[in-house]
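Have a look at the structure below, then the notes.
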Protein chains: 2
Amino acid sequence: MDDRKLEVLRAIVEDYVATQEPVGSKAVSQRHALGVSAATVRNDMAYLEEAGYIQQPHTSAGRIPTAKGYRLFVDRLGKIKPLSAAERRAVHRFLSEAVDLDDVVTRTVRLLSQLTHQVAVVQYPSLNRSSIRHLELVSLTPTRLMIVMITDTGRVEQRFTEVPAELSEDNVLELRRLVNEQLQGKPLSDAPRIIADLASLARPELGATATALAQGLLDTVVARTEERVAVAGAANLTRDGNFFAGSMRPILEALEEEVVLMQLLGRADSNALLTVRIGDENEIDDFRETTVVAAGYGPGSVVGHMGVLGPTRMDYPGTIAAVRAVARYVSEILEQNR
Amino acid sequence: MDDRKLEVLRAIVEDYVATQEPVGSKAVSQRHALGVSAATVRNDMAYLEEAGYIQQPHTSAGRIPTAKGYRLFVDRLGKIKPLSAAERRAVHRFLSEAVDLDDVVTRTVRLLSQLTHQVAVVQYPSLNRSSIRHLELVSLTPTRLMIVMITDTGRVEQRFTEVPAELSEDNVLELRRLVNEQLQGKPLSDAPRIIADLASLARPELGATATALAQGLLDTVVARTEERVAVAGAANLTRDGNFFAGSMRPILEALEEEVVLMQLLGRADSNALLTVRIGDENEIDDFRETTVVAAGYGPGSVVGHMGVLGPTRMDYPGTIAAVRAVARYVSEILEQNR
DNA sequence: GACTGGCACTCCCGGACCGGGAGTGCCAAA
DNA sequence: TTTGGCACTCCCGGTCCGGGAGTGCCAGTC
């Protein structure tokens, strides 16, 4: 594959992203200083089409990139456009004003959608990679407890639990001390094992209560492993005329399904700093026309993912830069609370 | 206004809601057993149009109801369609499985959007109508605290706070005892006054710290008075062809603005059990074509609102019944945790 | 006086038709 | 290998047209 052919591909991707219209040979040879005529470009385009990087919507229309074409562009042609200094400052300031984890996540997701003009998705720090900072028991009624768990990433989880016997204030204090002694500082992945032994450590008279409490704790740390995500910028789906017009419904539906979003943000095992999944590469049917740019974040190790989601025809260099920068800043913020 | 004219209006509203097409005089006289001919219906329609209850999209098209027409329908013509027994059971079961307040709200908003096929909005129990059940202080670093506030509605708010001096474990315990002694059981509306005196009650060596903490508490109870809301069913905006096609963007944007949503759900002062705001009655420009059906909920007194939002052309009897039923069940659930 | 059938009229809507324009593929020449 | 020329294809927007649905009005009937 010729150098000039790559340049032609770049020109097509860039122009198509900018104008959203199929780009013809004349436009390429004129607007990009390739030094060759339109006819030559046509030959290169025929080659690129043969090789599957671009396609024609109809005979005698210009060309548009295929998913394969975007992939090549991202891998070899797109220079990442770093954010401007002003943008960096704004990001930093906006994020550092956050007062708690919820706030961090909310601000992050808004920031991402505004910077990229796409739909943004941010996963809360994953529970199973966090550890327990503190457990709080609050009695609601004599036989009803509220368990509040605070993790080292600042995430707070709560749950109601029914206990079989009436609890005095002292009982609650005793149990609180017990569970904190046993669980404080422990990673959530170890918690189920420890919780299993909990009942046997309590004084015999609290046995039944401790068993019920243990069940509640287990539910809190395990069943609630379901991930939480925040979404913003759904209105951006309506940008650019109506690219998503036909297929908008399933996408809006998917945005409310944690499971699908998690799948899009990436498997837990992906260790890459930043992944770009283009069109078909998302293995979900409704997202064949969609690109996801996702990055991991976390203090030191990755505790969650964030990303944006838009049409395959997106500004890759800009989007990639924005996602990367925001992920870094968020990691820094979390670091400060350790 | 004639009885029969009202029946004609009802027929037009019902048919238009069902078919989404302007309804003509023939259709009315045939499908609804009015016992009069199309010509007579035409006369009545001319009157209704003159009076502003219906209108013609173009000459020689059928009629569609105006906002004023829907209003009359809701006030005088629409018999509420109660949910079926099966639906009631399903609602009850689904909501009673909730394990914490977040879960209650999430389930509620989903339920509403599924029952009504519209966009649903649920406000979290308002902080300024709740009281404090418990305050928890957790030290993150020696000079950094996390304040966790639990209210009697089960809502949990958190916030990071910086303190000027290093805190020992005992200091934290002492402060925790102090703030709980002072604030437990107090309504949040009284909290600022109490907090102001807090620093003076602490031992002198903790003075500076207590002042900083008081500020943090104040931020938690006051600044965070901003309401939280949950939204679901945005995909329903794309139903029925593309009614919202042109105006979808601003609505999607509004759904991410707490302020706008709160405005739609209703002023705090509205004591009505259930309000229906049709078209213009929402004083927000982007919602001139939108109807909001909202209800207050809460154990005993109203602590928050919930509702659905859809095109003025909606199934009023069904929607009203659904919102009312769900609001009642949620109130019951909250009652159980008092 | 209220209701009805008839009738002429209006206007939307979908389909057919058409011309201009943009872009292509191919070819022969440089 | 590149280039200019040229015939060809096909989309797109505009116009035109006929059918259909619905109306308003009028004269006649109960």
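Letters A, B, ... mark the chains of the structure tokens in the order given; residue numbers begin at 1 per chain; ligand numbers begin at 1, in order shown.
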
Exercise for the section: Compile the contact shell of region 64-72 of chain A as a PyMOL selection string: residues with an atom at most 8 Å away, counting only C-alpha atoms (C1' of nucleotides), same-chain residues fewer than 5 positions apart removed. Expected result: chain A and resi 9+12-13+16+21-23+52-57+77+278-280+312

Compile a residue-level contact table for chain A against chain C at a cut-off of 8 Å, reporting for every qualifying residue the shortest atom pair and its distance in Å to one decimal, with only C-alpha atoms (C1' of nucleotides) counted, rows ordered by chain and ascending number, as JSON lines.
{"residue": "A:Gly24", "atom": "CA", "partner": "C:DG23", "partner_atom": "C1'", "distance": 6.4}
{"residue": "A:Ser25", "atom": "CA", "partner": "C:DG23", "partner_atom": "C1'", "distance": 7.8}
{"residue": "A:Thr59", "atom": "CA", "partner": "C:DT24", "partner_atom": "C1'", "distance": 7.3}
{"residue": "A:Ser60", "atom": "CA", "partner": "C:DG23", "partner_atom": "C1'", "distance": 4.8}
{"residue": "A:Ala61", "atom": "CA", "partner": "C:DG23", "partner_atom": "C1'", "distance": 5.4}
{"residue": "A:Gly62", "atom": "CA", "partner": "C:DG23", "partner_atom": "C1'", "distance": 6.2}

Just C-alpha atoms for this one: save the residues we selected as a PDB file, in the first residue's frame.
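That gives us part-v1.pdb:
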ATOM      1  CA  GLY A  24     -15.298  12.773  -4.555  1.00  0.00           C
ATOM      2  CA  SER A  25     -11.995  12.593  -6.315  1.00  0.00           C
ATOM      3  CA  THR A  59     -22.825   4.300  -8.221  1.00  0.00           C
ATOM      4  CA  SER A  60     -21.633   7.740  -9.147  1.00  0.00           C
ATOM      5  CA  ALA A  61     -21.551   9.104  -5.657  1.00  0.00           C
ATOM      6  CA  GLY A  62     -18.410   9.986  -3.736  1.00  0.00           C
TER       7      GLY A  62
END

Practice task
Residues of chain B near chain A: apply a cut-off of 6 Å, count only C-alpha atoms, and supply the list as a PyMOL selection string.
Solution key: chain B and resi 99-100+159-160+235+249+252-253

Using C-alpha atoms, can you write the selected residues to a file as a compact mmCIF listing (two decimals), in the first residue's frame?
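Result file follows (again.txt):
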# COMPACT_ATOMS: atom_id res chain seq x y z
CA VAL B 99 -33.53 -3.05 49.07
CA ASP B 100 -32.80 0.63 49.65
CA ARG B 159 -19.35 14.95 51.29
CA PHE B 160 -15.59 15.33 51.65
CA ALA B 235 -36.71 5.96 24.32
CA ARG B 249 -33.43 17.72 21.02
CA LEU B 252 -33.61 15.36 25.72
CA GLU B 253 -31.54 18.24 26.96

Practice task
Considering only C-alpha atoms (C1' of nucleotides), extract the chain D residues located within 9 Å of chain B and return them as a list of chain:residue names.
Solution key: D:DA21, D:DG22, D:DT23, D:DG24

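Of note, CA of Leu175 (chain B) and CA of Thr143 (chain B) are spaced 13.8 Å apart.
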